>>> print(open('data_37.txt').read())   # compact mmCIF, C-alpha atoms and all ligand atoms
# COMPACT_ATOMS: atom_id res chain seq x y z
CA MET A 1 0.00 0.00 0.00
CA ALA A 2 1.37 3.39 -1.00
CA LYS A 3 1.58 5.91 1.87
CA LYS A 4 -0.20 9.23 1.52
CA LEU A 5 2.00 12.24 0.75
CA ASN A 6 0.27 15.60 1.22
CA VAL A 7 1.24 18.10 -1.46
CA GLY A 8 1.32 21.88 -1.13
CA LEU A 9 1.74 23.37 -4.60
CA ILE A 10 2.90 26.97 -4.94
CA GLY A 11 1.93 28.48 -8.29
CA TYR A 12 -1.03 27.78 -10.55
CA GLY A 13 0.55 28.54 -13.93
CA PHE A 14 2.18 26.45 -16.65
CA MET A 15 4.39 24.28 -14.47
CA ALA A 16 1.74 23.92 -11.75
CA ARG A 17 -0.43 22.24 -14.39
CA THR A 18 2.30 19.83 -15.53
CA HIS A 19 3.08 18.91 -11.90
CA SER A 20 -0.60 18.53 -10.95
CA ASN A 21 -1.14 16.26 -13.94
CA ALA A 22 1.80 14.15 -12.74
CA TYR A 23 0.37 13.91 -9.19
CA CYS A 24 -2.93 12.69 -10.62
CA LYS A 25 -1.35 10.10 -12.93
CA VAL A 26 1.71 8.68 -11.21
CA ASN A 27 0.05 5.93 -9.16
CA HIS A 28 -1.98 4.71 -12.12
CA PHE A 29 1.19 3.85 -14.02
CA PHE A 30 4.05 3.42 -11.54
CA ASP A 31 4.32 1.25 -8.42
CA VAL A 32 5.75 3.86 -6.11
CA PRO A 33 5.75 3.88 -2.29
CA TYR A 34 3.78 7.13 -1.97
CA GLU A 35 0.46 8.39 -3.23
CA PRO A 36 0.27 12.18 -3.59
CA ALA A 37 -2.79 13.79 -1.95
CA LEU A 38 -3.52 17.27 -3.29
CA ARG A 39 -3.89 19.32 -0.12
CA VAL A 40 -3.42 22.97 -0.99
CA VAL A 41 -2.57 25.17 -3.97
CA CYS A 42 -1.27 28.73 -3.67
CA GLY A 43 -1.15 31.57 -6.22
CA LEU A 44 -1.40 35.32 -6.33
CA GLU A 45 -5.09 35.71 -7.22
CA ASP A 46 -7.70 34.14 -4.96
CA LYS A 47 -10.26 33.53 -7.72
CA VAL A 48 -7.74 31.81 -9.98
CA ALA A 49 -6.31 29.72 -7.13
CA LYS A 50 -9.83 28.61 -6.19
CA ALA A 51 -10.65 27.64 -9.78
CA PHE A 52 -7.34 25.76 -10.06
CA ALA A 53 -8.06 23.88 -6.81
CA GLU A 54 -11.51 22.89 -8.07
CA ARG A 55 -10.27 21.80 -11.49
CA TRP A 56 -7.41 19.64 -10.21
CA GLY A 57 -8.91 18.43 -6.93
CA TYR A 58 -6.83 20.37 -4.36
CA LYS A 59 -8.67 20.41 -1.03
CA SER A 60 -8.00 24.09 -0.40
CA HIS A 61 -6.36 27.19 -1.84
CA THR A 62 -4.55 30.25 -0.52
CA THR A 63 -2.79 33.38 -1.77
CA ASP A 64 -0.11 33.28 0.93
CA TRP A 65 2.65 30.71 0.45
CA HIS A 66 3.60 30.94 4.17
CA LYS A 67 0.29 29.19 4.94
CA VAL A 68 1.41 26.21 2.84
CA ILE A 69 4.63 25.92 4.83
CA GLU A 70 2.82 26.41 8.16
CA ASP A 71 0.35 23.63 7.38
CA GLU A 72 1.65 20.72 9.46
CA LYS A 73 -0.12 18.20 7.25
CA VAL A 74 1.81 19.27 4.12
CA ASP A 75 4.66 16.78 3.52
CA LEU A 76 5.90 18.04 0.15
CA VAL A 77 6.22 21.66 -0.99
CA ASP A 78 6.29 22.02 -4.77
CA ILE A 79 7.66 25.36 -6.01
CA CYS A 80 6.25 26.44 -9.40
CA VAL A 81 6.66 30.22 -9.19
CA PRO A 82 9.00 32.71 -10.92
CA ASN A 83 12.71 32.27 -10.18
CA ASN A 84 13.03 35.19 -7.75
CA VAL A 85 10.61 33.54 -5.29
CA HIS A 86 12.22 30.06 -5.23
CA ALA A 87 14.84 30.73 -2.55
CA GLU A 88 12.69 32.19 0.22
CA ILE A 89 10.05 29.48 -0.16
CA ALA A 90 12.58 26.64 -0.36
CA ILE A 91 14.52 27.84 2.67
CA ALA A 92 11.34 28.24 4.74
CA ALA A 93 10.11 24.80 3.59
CA ALA A 94 13.45 23.20 4.53
CA LYS A 95 13.31 24.79 8.00
CA ALA A 96 9.81 23.37 8.42
CA GLY A 97 11.13 19.88 7.53
CA LYS A 98 9.20 19.52 4.26
CA ALA A 99 10.37 17.57 1.23
CA ILE A 100 10.81 19.97 -1.70
CA ILE A 101 10.45 19.87 -5.46
CA CYS A 102 11.59 23.12 -7.07
CA GLU A 103 11.25 24.22 -10.67
CA LYS A 104 14.39 25.18 -12.60
CA PRO A 105 16.54 27.21 -12.61
CA LEU A 106 17.10 26.62 -8.90
CA ALA A 107 17.66 30.33 -8.19
CA LEU A 108 18.55 33.72 -9.64
CA ASP A 109 22.27 32.92 -9.45
CA GLY A 110 24.83 30.59 -7.90
CA ALA A 111 25.19 32.53 -4.64
CA GLN A 112 21.47 32.36 -3.98
CA ALA A 113 21.30 28.72 -5.05
CA LYS A 114 24.07 27.90 -2.56
CA THR A 115 21.94 29.25 0.34
CA MET A 116 19.17 26.87 -0.76
CA VAL A 117 21.57 23.90 -0.91
CA ASP A 118 22.85 24.75 2.57
CA ALA A 119 19.28 24.98 3.91
CA VAL A 120 18.08 21.62 2.54
CA GLU A 121 21.28 19.80 3.48
CA LYS A 122 21.23 21.24 7.02
CA ALA A 123 17.59 20.25 7.45
CA GLY A 124 18.18 16.83 5.83
CA VAL A 125 15.02 17.09 3.71
CA ALA A 126 14.47 15.43 0.34
CA ASN A 127 15.08 17.92 -2.47
CA PHE A 128 14.75 17.73 -6.22
CA VAL A 129 14.90 20.15 -9.17
CA SER A 130 12.62 19.78 -12.16
CA PHE A 131 15.01 19.45 -15.10
CA ASN A 132 12.38 17.31 -16.77
CA TYR A 133 14.03 16.78 -20.18
CA ARG A 134 16.30 14.14 -18.64
CA ARG A 135 13.19 11.98 -18.38
CA VAL A 136 12.19 12.02 -22.05
CA PRO A 137 12.68 8.27 -22.72
CA ALA A 138 14.87 8.98 -25.79
CA VAL A 139 17.09 11.31 -23.72
CA THR A 140 17.38 8.73 -20.93
CA LEU A 141 18.21 6.12 -23.58
CA ALA A 142 20.99 8.39 -24.89
CA LYS A 143 22.44 8.51 -21.36
CA MET A 144 22.23 4.69 -21.14
CA LEU A 145 24.08 4.24 -24.45
CA ILE A 146 26.83 6.62 -23.30
CA ASP A 147 27.15 4.86 -19.92
CA GLU A 148 27.42 1.50 -21.70
CA GLY A 149 30.43 2.88 -23.58
CA ARG A 150 28.80 2.58 -26.99
CA LEU A 151 30.08 5.98 -28.09
CA GLY A 152 33.60 5.35 -26.80
CA ARG A 153 35.59 8.48 -26.14
CA ILE A 154 33.39 11.55 -26.57
CA PHE A 155 34.78 14.42 -28.65
CA HIS A 156 31.88 16.83 -29.13
CA TYR A 157 28.67 17.87 -27.37
CA ARG A 158 26.50 20.50 -29.06
CA ALA A 159 23.09 21.70 -28.00
CA ASN A 160 20.61 24.37 -29.08
CA PHE A 161 17.44 25.71 -27.53
CA LEU A 162 15.70 28.06 -29.95
CA GLN A 163 12.50 30.09 -29.64
CA ASP A 164 11.03 33.15 -31.36
CA TRP A 165 8.43 34.65 -29.04
CA THR A 166 10.16 37.90 -28.00
CA ILE A 167 11.11 39.28 -31.44
CA SER A 168 8.44 42.01 -31.30
CA ALA A 169 9.47 45.14 -29.40
CA ASN A 170 5.85 45.35 -28.22
CA VAL A 171 6.24 42.37 -25.88
CA PRO A 172 6.47 44.00 -22.42
CA GLN A 173 8.60 42.92 -19.47
CA GLY A 174 7.51 42.09 -15.92
CA GLY A 175 4.06 41.21 -14.61
CA MET A 176 2.53 37.77 -14.53
CA ALA A 177 2.73 36.81 -18.20
CA THR A 178 6.13 38.27 -19.07
CA TRP A 179 8.17 37.96 -15.86
CA ARG A 180 10.79 36.02 -17.90
CA LEU A 181 11.85 39.31 -19.57
CA ASP A 182 12.35 41.10 -16.25
CA VAL A 183 15.82 40.42 -14.88
CA LYS A 184 14.64 40.99 -11.29
CA ALA A 185 12.17 38.11 -11.56
CA ALA A 186 14.10 35.81 -13.89
CA GLY A 187 17.75 36.38 -12.91
CA SER A 188 18.82 36.04 -16.54
CA GLY A 189 17.28 35.49 -19.96
CA VAL A 190 17.81 32.46 -22.15
CA THR A 191 20.84 31.38 -20.09
CA GLY A 192 18.87 30.48 -16.96
CA ASP A 193 15.61 29.72 -18.71
CA LEU A 194 16.67 27.57 -21.65
CA LEU A 195 20.41 26.84 -21.56
CA ALA A 196 20.05 25.63 -17.96
CA HIS A 197 18.11 22.66 -19.38
CA CYS A 198 20.82 21.98 -21.99
CA ILE A 199 23.59 22.30 -19.40
CA ASP A 200 21.83 19.98 -16.94
CA THR A 201 21.30 17.30 -19.59
CA ALA A 202 24.84 17.72 -20.95
CA MET A 203 26.56 17.38 -17.56
CA TRP A 204 24.37 14.40 -16.68
CA GLN A 205 25.35 12.67 -19.92
CA ASN A 206 28.91 13.90 -20.41
CA GLY A 207 30.27 15.10 -17.05
CA GLN A 208 31.33 18.42 -15.57
CA ILE A 209 31.79 21.53 -17.72
CA THR A 210 35.04 23.10 -16.54
CA THR A 211 35.64 26.28 -18.60
CA VAL A 212 33.41 28.48 -20.77
CA CYS A 213 33.68 31.32 -23.28
CA ALA A 214 30.41 33.07 -24.06
CA MET A 215 28.72 35.92 -25.87
CA THR A 216 25.27 37.28 -25.14
CA GLU A 217 23.09 39.93 -26.74
CA THR A 218 20.04 41.91 -25.74
CA PHE A 219 18.53 42.82 -29.09
CA ILE A 220 15.77 45.04 -27.73
CA LYS A 221 17.23 47.37 -25.13
CA GLN A 222 14.03 48.86 -23.68
CA ARG A 223 10.61 47.38 -23.09
CA MET A 224 7.51 48.62 -21.34
CA HIS A 225 7.39 47.33 -17.77
CA VAL A 226 3.95 45.97 -16.88
CA GLU A 227 4.25 47.04 -13.24
CA THR A 228 5.50 50.61 -13.73
CA GLY A 229 3.78 51.24 -17.08
CA LYS A 230 7.01 52.89 -18.32
CA PRO A 231 9.70 51.84 -20.78
CA GLU A 232 12.64 50.39 -18.83
CA ALA A 233 16.05 48.98 -19.74
CA VAL A 234 16.00 45.24 -20.48
CA GLY A 235 18.44 43.41 -18.20
CA ILE A 236 18.15 39.88 -19.57
CA ASP A 237 20.14 38.14 -22.30
CA ASP A 238 17.93 37.61 -25.37
CA ALA A 239 20.49 35.27 -26.93
CA CYS A 240 23.53 33.40 -25.67
CA THR A 241 26.15 31.29 -27.39
CA PHE A 242 28.98 29.61 -25.56
CA LEU A 243 31.88 27.27 -26.12
CA CYS A 244 33.11 25.06 -23.31
CA ARG A 245 35.39 22.25 -22.27
CA PHE A 246 34.21 19.21 -20.35
CA ASP A 247 36.27 17.45 -17.70
CA ASN A 248 36.53 14.38 -19.98
CA GLY A 249 38.36 16.39 -22.65
CA SER A 250 35.43 16.86 -25.01
CA LEU A 251 34.42 20.22 -26.49
CA GLY A 252 30.97 21.79 -26.13
CA ASN A 253 29.06 24.26 -28.24
CA PHE A 254 25.74 25.67 -26.95
CA GLU A 255 23.32 28.22 -28.38
CA SER A 256 20.04 29.64 -27.20
CA THR A 257 17.87 32.51 -28.38
CA ARG A 258 14.30 33.76 -28.38
CA TYR A 259 14.95 35.38 -31.79
CA ALA A 260 15.10 32.32 -34.08
CA ARG A 261 12.08 33.04 -36.28
CA GLY A 262 10.14 29.84 -36.92
CA HIS A 263 11.29 27.95 -33.81
CA LYS A 264 9.00 27.60 -30.80
CA ALA A 265 10.89 25.21 -28.54
CA LEU A 266 13.57 23.59 -30.66
CA TYR A 267 15.79 21.84 -28.13
CA THR A 268 18.32 19.64 -29.92
CA PHE A 269 21.59 17.96 -29.00
CA GLU A 270 24.20 15.93 -30.84
CA ILE A 271 27.02 13.97 -29.28
CA ASN A 272 29.93 12.63 -31.31
CA GLY A 273 32.08 9.80 -29.97
CA GLU A 274 34.86 7.72 -31.49
CA LYS A 275 32.56 4.73 -32.08
CA ALA A 276 29.12 6.29 -32.50
CA SER A 277 27.06 9.48 -32.51
CA ILE A 278 23.69 10.37 -31.04
CA ALA A 279 21.26 13.15 -31.90
CA TRP A 280 17.89 14.18 -30.43
CA ASP A 281 15.26 16.80 -31.19
CA LEU A 282 12.46 17.87 -28.83
CA HIS A 283 10.07 18.39 -31.76
CA ASP A 284 10.37 14.66 -32.49
CA LEU A 285 10.96 13.67 -28.88
CA HIS A 286 10.16 9.95 -29.13
CA ARG A 287 12.97 9.34 -31.65
CA LEU A 288 16.70 9.01 -31.05
CA SER A 289 19.08 9.25 -33.99
CA TYR A 290 22.02 6.88 -33.68
CA PHE A 291 25.00 6.25 -35.93
CA ASP A 292 27.15 3.21 -35.15
CA HIS A 293 30.48 3.04 -36.95
CA ALA A 294 30.65 -0.73 -36.19
CA ASP A 295 27.81 -1.39 -38.65
CA GLU A 296 28.76 -3.07 -41.94
CA SER A 297 29.69 -0.25 -44.32
CA ILE A 298 27.06 -1.04 -46.98
CA VAL A 299 24.23 -0.55 -44.46
CA ARG A 300 25.95 1.98 -42.20
CA GLY A 301 23.96 5.17 -41.65
CA TRP A 302 21.96 7.17 -39.16
CA ARG A 303 19.20 5.06 -37.59
CA SER A 304 16.06 6.63 -36.25
CA ILE A 305 15.16 4.64 -33.15
CA HIS A 306 11.47 4.84 -32.27
CA VAL A 307 11.72 4.83 -28.47
CA THR A 308 8.50 3.01 -27.63
CA ASP A 309 9.47 -0.59 -26.79
CA GLY A 310 8.88 -1.92 -23.30
CA ASP A 311 12.60 -2.41 -22.62
CA MET A 312 13.32 1.25 -23.31
CA PRO A 313 13.43 3.72 -20.38
CA TYR A 314 10.00 4.22 -18.75
CA MET A 315 8.14 2.81 -21.78
CA GLY A 316 7.21 -0.51 -20.13
CA LYS A 317 4.90 1.51 -17.86
CA TRP A 318 2.84 3.00 -20.68
CA TRP A 319 1.10 1.54 -23.72
CA VAL A 320 2.31 -1.09 -26.21
CA PRO A 321 5.35 -0.93 -28.54
CA GLY A 322 4.89 1.56 -31.35
CA LEU A 323 2.66 3.93 -29.37
CA GLN A 324 4.43 7.06 -28.27
CA ILE A 325 4.11 9.37 -25.30
CA GLY A 326 4.80 13.11 -24.96
CA TYR A 327 6.00 16.12 -23.02
CA GLU A 328 3.70 15.73 -20.01
CA HIS A 329 5.02 12.24 -19.31
CA THR A 330 8.46 13.63 -18.41
CA PHE A 331 6.88 15.14 -15.29
CA VAL A 332 5.24 11.83 -14.38
CA HIS A 333 8.61 10.09 -14.78
CA GLN A 334 10.49 12.54 -12.61
CA LEU A 335 7.79 12.35 -9.93
CA ALA A 336 7.89 8.54 -10.00
CA ASP A 337 11.69 8.62 -9.56
CA PHE A 338 11.39 11.22 -6.79
CA LEU A 339 8.78 9.14 -4.88
CA GLU A 340 10.83 5.96 -5.35
CA GLY A 341 13.89 7.76 -3.99
CA LEU A 342 11.88 9.08 -1.06
CA GLY A 343 10.78 5.54 -0.20
CA GLN A 344 14.31 4.18 -0.38
CA GLY A 345 15.94 7.17 1.33
CA LYS A 346 18.03 7.70 -1.83
CA PRO A 347 17.65 11.12 -3.44
CA ALA A 348 16.50 11.22 -7.02
CA SER A 349 18.67 13.28 -9.36
CA PRO A 350 19.02 16.21 -9.87
CA THR A 351 19.16 17.34 -6.26
CA PHE A 352 19.57 21.00 -5.30
CA ARG A 353 23.34 20.44 -5.18
CA GLU A 354 23.38 19.08 -8.73
CA ALA A 355 21.26 22.02 -9.88
CA LEU A 356 23.79 24.30 -8.16
CA ALA A 357 26.44 22.89 -10.53
CA THR A 358 24.27 24.00 -13.47
CA GLN A 359 23.74 27.40 -11.85
CA TYR A 360 27.52 27.84 -11.56
CA VAL A 361 27.91 27.12 -15.27
CA CYS A 362 25.23 29.76 -16.02
CA ASP A 363 27.09 32.23 -13.76
CA ALA A 364 30.37 31.54 -15.57
CA VAL A 365 28.67 31.93 -18.98
CA LEU A 366 27.21 35.33 -18.06
CA ALA A 367 30.48 36.49 -16.49
CA SER A 368 32.42 35.40 -19.58
CA ALA A 369 30.06 37.29 -21.89
CA LYS A 370 30.40 40.40 -19.73
CA ASP A 371 34.21 40.31 -19.45
CA LYS A 372 34.86 38.82 -22.93
CA GLN A 373 37.13 36.21 -21.35
CA TRP A 374 37.23 32.47 -20.72
CA LYS A 375 35.98 31.60 -17.21
CA THR A 376 36.55 28.62 -14.96
CA VAL A 377 33.35 27.09 -13.57
CA LYS A 378 33.08 26.91 -9.79
CA LYS A 379 32.61 23.38 -8.39
CA ALA A 380 29.31 22.73 -6.58
N1 LIG A 401 10.85 22.45 -16.38
C1 LIG A 401 10.50 23.22 -17.39
O1 LIG A 401 10.66 22.88 -18.55
C2 LIG A 401 9.91 24.58 -17.13
C3 LIG A 401 9.04 25.17 -18.08
C4 LIG A 401 8.46 26.40 -17.76
C5 LIG A 401 8.76 27.03 -16.57
N2 LIG A 401 9.64 26.46 -15.70
C6 LIG A 401 9.95 27.11 -14.42
O2 LIG A 401 8.82 27.01 -13.56
C7 LIG A 401 8.69 28.18 -12.76
C8 LIG A 401 7.29 28.75 -12.99
O3 LIG A 401 7.14 29.04 -14.36
P1 LIG A 401 5.69 29.00 -15.06
O4 LIG A 401 5.95 28.96 -16.52
O5 LIG A 401 4.85 27.95 -14.44
O6 LIG A 401 5.17 30.43 -14.63
P2 LIG A 401 3.72 31.03 -14.72
O7 LIG A 401 3.89 32.47 -14.98
O8 LIG A 401 2.86 30.23 -15.65
O9 LIG A 401 3.15 30.80 -13.24
C9 LIG A 401 3.74 31.45 -12.15
C10 LIG A 401 2.84 31.27 -10.96
O10 LIG A 401 3.52 31.79 -9.82
C11 LIG A 401 2.54 32.40 -8.98
N3 LIG A 401 3.26 33.35 -8.12
C12 LIG A 401 4.11 34.34 -8.49
N4 LIG A 401 4.59 34.97 -7.41
C13 LIG A 401 4.05 34.35 -6.33
C14 LIG A 401 4.13 34.53 -4.93
N5 LIG A 401 4.90 35.48 -4.41
N6 LIG A 401 3.43 33.71 -4.12
C15 LIG A 401 2.64 32.75 -4.64
N7 LIG A 401 2.52 32.52 -5.95
C16 LIG A 401 3.20 33.31 -6.78
C17 LIG A 401 1.55 33.03 -9.93
O11 LIG A 401 0.31 33.22 -9.31
C18 LIG A 401 1.50 31.97 -11.04
O12 LIG A 401 0.53 31.01 -10.73
C19 LIG A 401 9.84 29.09 -13.17
O13 LIG A 401 10.89 28.92 -12.27
C20 LIG A 401 10.22 28.59 -14.55
O14 LIG A 401 11.58 28.84 -14.88
C21 LIG A 401 10.20 25.25 -15.96
>>> encode(input="data_37.txt", output="structure tokens", more="lines below")
Ligand SMILES: NC(=O)c1ccc[n+]([C@@H]2O[C@H](COP(=O)([O-])OP(=O)(O)OC[C@H]3O[C@@H](n4cnc5c(N)ncnc54)[C@H](O)[C@@H]3O)[C@@H](O)[C@H]2O)c1
Amino acid sequence: MAKKLNVGLIGYGFMARTHSNAYCKVNHFFDVPYEPALRVVCGLEDKVAKAFAERWGYKSHTTDWHKVIEDEKVDLVDICVPNNVHAEIAIAAAKAGKAIICEKPLALDGAQAKTMVDAVEKAGVANFVSFNYRRVPAVTLAKMLIDEGRLGRIFHYRANFLQDWTISANVPQGGMATWRLDVKAAGSGVTGDLLAHCIDTAMWQNGQITTVCAMTETFIKQRMHVETGKPEAVGIDDACTFLCRFDNGSLGNFESTRYARGHKALYTFEINGEKASIAWDLHDLHRLSYFDHADESIVRGWRSIHVTDGDMPYMGKWWVPGLQIGYEHTFVHQLADFLEGLGQGKPASPTFREALATQYVCDAVLASAKDKQWKTVKKA
């Protein structure tokens, strides 16, 4: 029998929906030691929080996140709010002895993220950061193939995360819909929002990034601020490109922008090893491209592996071979792994400390772009 785990969800936006969907689904598909019970949801507007609670089955709602932490029955605090609010909630939740799931990026910067790591480690509470792309079955399969040594020595890792939604100068900054463009709420632009995903996946698959050399650009220098109603300087990076070295000797090449007309969420990576190469594309997320140099030359070529068979990561829990799953399942997978880890007393990855490592790479990238110099990444 799975034990009940009372959830306090903070935020009722995009990520709150993906996490709530995962809470509702996880026990139907995975044999995990806990069953989430939706106790309370918190968000800024009472009416919206109430409607969210009714739609998803949360027992109550509030507009004050402190009430979620003060509720003794809440076992797990799930942080789905803008980046500038993560730290104070996580630190208070750790002090109250709650398990914590926090959306990415962990914090505004490495220094703030470190205070969160210290708080959860001091309190000894379970902690997890939602870098969900690791749990796309094809991405997990790529990690398995690398760990099995099928690529041999790795030479190159390249990743892109391309969008196009901020090209218009009329998109404002700040407020509830466009907090990502306000540096005070977001911490950074595409570096923390998009490249953080690429960096997390890359370091999970290919080890620590040690040095970086970056350039960033803010194409539109002023935007109307929703809160002040006035044009204000834009403090985020609209685009970022960086080169890096990994600890294993391989070279990395990363690019992200919100100015790539025609791309909505094009996250891709390619990894080249001495024996084989791997490529993946979020727009075709159930496929993994694989090139194996050991194949007989007359049939050697890029294979497109349809990642749907029962022996492929997570897929045995879903439908039958040939039938694919999607984006929302990555949140179910990470929740299942988190609950399994909680039951076994073994933290699921990435923990706050692992997310701190990603935050330090983001810090080094932004510092390199500012100083126009190579930077060494701090160790988490
Ligand atoms: N894992 C992913 O792929 C992914 C995707 C999108 C967003 N995110 C991350 O998730 C977090 C939330 O992003 P989102 O897209 O869901 O945002 P959103 O704008 O859709 O929702 C933000 C929510 O935060 C609430 N909120 C803001 N300030 C608050 C406060 N002080 N107290 C209580 N509630 C408050 C708002 O009411 C709103 O419900 C961010 O850290 C973001 O970077 C991660």
>>> closest_residue(input="data_37.txt", among="A:Thr211, A:Thr358, A:Asn21, A:Ser289", to="Ala276 of chain A", atoms="only C-alpha atoms")
A:Ser289
>>> closest_residue(input="data_37.txt", among="A:Leu162, A:Cys244, A:Leu194, A:Leu342", to="Arg258 of chain A", atoms="only C-alpha atoms")
A:Leu162
>>> residues_around(input="data_37.txt", residues="Arg158 of chain A", least_positions_apart="3", cutoff="9 Å", atoms="all atoms listed in the file", output="list of chain:residue names")
A:Ala202, A:Leu251, A:Gly252, A:Asn253, A:Phe254, A:Glu255, A:Thr268, A:Phe269, A:Glu270, A:Ile271, A:Asn272
>>> closest_residue(input="data_37.txt", among="A:Arg153, A:Arg39, A:Lys317, A:Arg17", to="ligand LIG 401 (chain A)", atoms="all atoms listed in the file")
A:Arg17
>>> closest_atom_pairs(input="data_37.txt", of="chain A", to="ligand LIG 401 (chain A)", cutoff="9 Å", atoms="all atoms listed in the file", output="CSV")
residue,atom,partner,partner_atom,distance
A:Ile10,CA,A:LIG401,N7,5.7
A:Gly11,CA,A:LIG401,O12,3.8
A:Tyr12,CA,A:LIG401,O12,3.6
A:Gly13,CA,A:LIG401,O8,3.3
A:Phe14,CA,A:LIG401,O5,3.8
A:Met15,CA,A:LIG401,O5,3.7
A:Ala16,CA,A:LIG401,O5,5.8
A:Arg17,CA,A:LIG401,O5,7.8
A:Thr18,CA,A:LIG401,O5,8.6
A:Cys42,CA,A:LIG401,C15,5.7
A:Gly43,CA,A:LIG401,O11,3.8
A:Leu44,CA,A:LIG401,O11,4.0
A:Glu45,CA,A:LIG401,O11,6.3
A:Val48,CA,A:LIG401,O11,8.2
A:Ala49,CA,A:LIG401,O11,7.8
A:Thr62,CA,A:LIG401,C15,8.7
A:Thr63,CA,A:LIG401,C15,6.2
A:Asp64,CA,A:LIG401,N6,6.2
A:Trp65,CA,A:LIG401,C15,5.5
A:His66,CA,A:LIG401,N6,8.7
A:Ile79,CA,A:LIG401,C7,7.4
A:Cys80,CA,A:LIG401,C8,4.4
A:Val81,CA,A:LIG401,O10,3.6
A:Pro82,CA,A:LIG401,C19,4.3
A:Asn83,CA,A:LIG401,O13,4.3
A:Asn84,CA,A:LIG401,O13,8.0
A:Val85,CA,A:LIG401,N5,6.1
A:His86,CA,A:LIG401,O13,7.3
A:Ile89,CA,A:LIG401,N6,8.8
A:Cys102,CA,A:LIG401,O13,7.8
A:Glu103,CA,A:LIG401,O2,4.7
A:Lys104,CA,A:LIG401,O13,5.1
A:Pro105,CA,A:LIG401,O14,5.7
A:Leu106,CA,A:LIG401,O13,7.4
A:Ala107,CA,A:LIG401,O13,8.0
A:Val129,CA,A:LIG401,N1,8.6
A:Ser130,CA,A:LIG401,N1,5.3
A:Phe131,CA,A:LIG401,N1,5.3
A:Asn132,CA,A:LIG401,N1,5.4
A:Tyr133,CA,A:LIG401,O1,7.2
A:Gly175,CA,A:LIG401,O7,8.7
A:Met176,CA,A:LIG401,O7,5.5
A:Ala177,CA,A:LIG401,O7,5.5
A:Thr178,CA,A:LIG401,O7,7.4
A:Trp179,CA,A:LIG401,O7,7.0
A:Arg180,CA,A:LIG401,O14,7.8
A:Ala186,CA,A:LIG401,O14,7.5
A:Gly192,CA,A:LIG401,O14,7.8
A:Asp193,CA,A:LIG401,O14,5.6
A:Leu194,CA,A:LIG401,O1,8.2
A:His197,CA,A:LIG401,O1,7.5
A:Phe331,CA,A:LIG401,N1,8.4
>>> atom_distance(input="data_37.txt", atom1="atom CA of Glu35 of chain A", atom2="atom CA of Asn6 of chain A")
8.5 Å
>>> atom_distance(input="data_37.txt", atom1="atom CA of Tyr327 of chain A", atom2="atom CA of Asp284 of chain A")
10.5 Å
>>> residues_near_point(input="data_37.txt", point="(10.2, 6.5, -1.8)", cutoff="12 Å", atoms="only C-alpha atoms", output="ChimeraX atom specification")
/A:2-5,30-36,99,126,335-348
>>> residues_around(input="data_37.txt", residues="Phe29 of chain A", least_positions_apart="6", cutoff="12 Å", atoms="only C-alpha atoms", output="PyMOL selection string")
chain A and resi 22-23+35+314-319+329+332-333+335-336
>>> write_last_selection(input="data_37.txt", atoms="C-alpha atoms", output="PDB file, keeping the file's coordinate frame")
ATOM      1  CA  ALA A  22       1.800  14.150 -12.740  1.00  0.00           C
ATOM      2  CA  TYR A  23       0.370  13.910  -9.190  1.00  0.00           C
ATOM      3  CA  GLU A  35       0.460   8.390  -3.230  1.00  0.00           C
ATOM      4  CA  TYR A 314      10.000   4.220 -18.750  1.00  0.00           C
ATOM      5  CA  MET A 315       8.140   2.810 -21.780  1.00  0.00           C
ATOM      6  CA  GLY A 316       7.210  -0.510 -20.130  1.00  0.00           C
ATOM      7  CA  LYS A 317       4.900   1.510 -17.860  1.00  0.00           C
ATOM      8  CA  TRP A 318       2.840   3.000 -20.680  1.00  0.00           C
ATOM      9  CA  TRP A 319       1.100   1.540 -23.720  1.00  0.00           C
ATOM     10  CA  HIS A 329       5.020  12.240 -19.310  1.00  0.00           C
ATOM     11  CA  VAL A 332       5.240  11.830 -14.380  1.00  0.00           C
ATOM     12  CA  HIS A 333       8.610  10.090 -14.780  1.00  0.00           C
ATOM     13  CA  LEU A 335       7.790  12.350  -9.930  1.00  0.00           C
ATOM     14  CA  ALA A 336       7.890   8.540 -10.000  1.00  0.00           C
TER      15      ALA A 336
END
>>> closest_residue(input="data_37.txt", among="A:Gln222, A:Gln324, A:Gln173, A:Thr201", to="Tyr267 of chain A", atoms="only C-alpha atoms")
A:Thr201
>>> closest_residue(input="data_37.txt", among="A:Gly273, A:Pro172, A:Gly249, A:Pro350", to="Ile220 of chain A", atoms="only C-alpha atoms")
A:Pro172
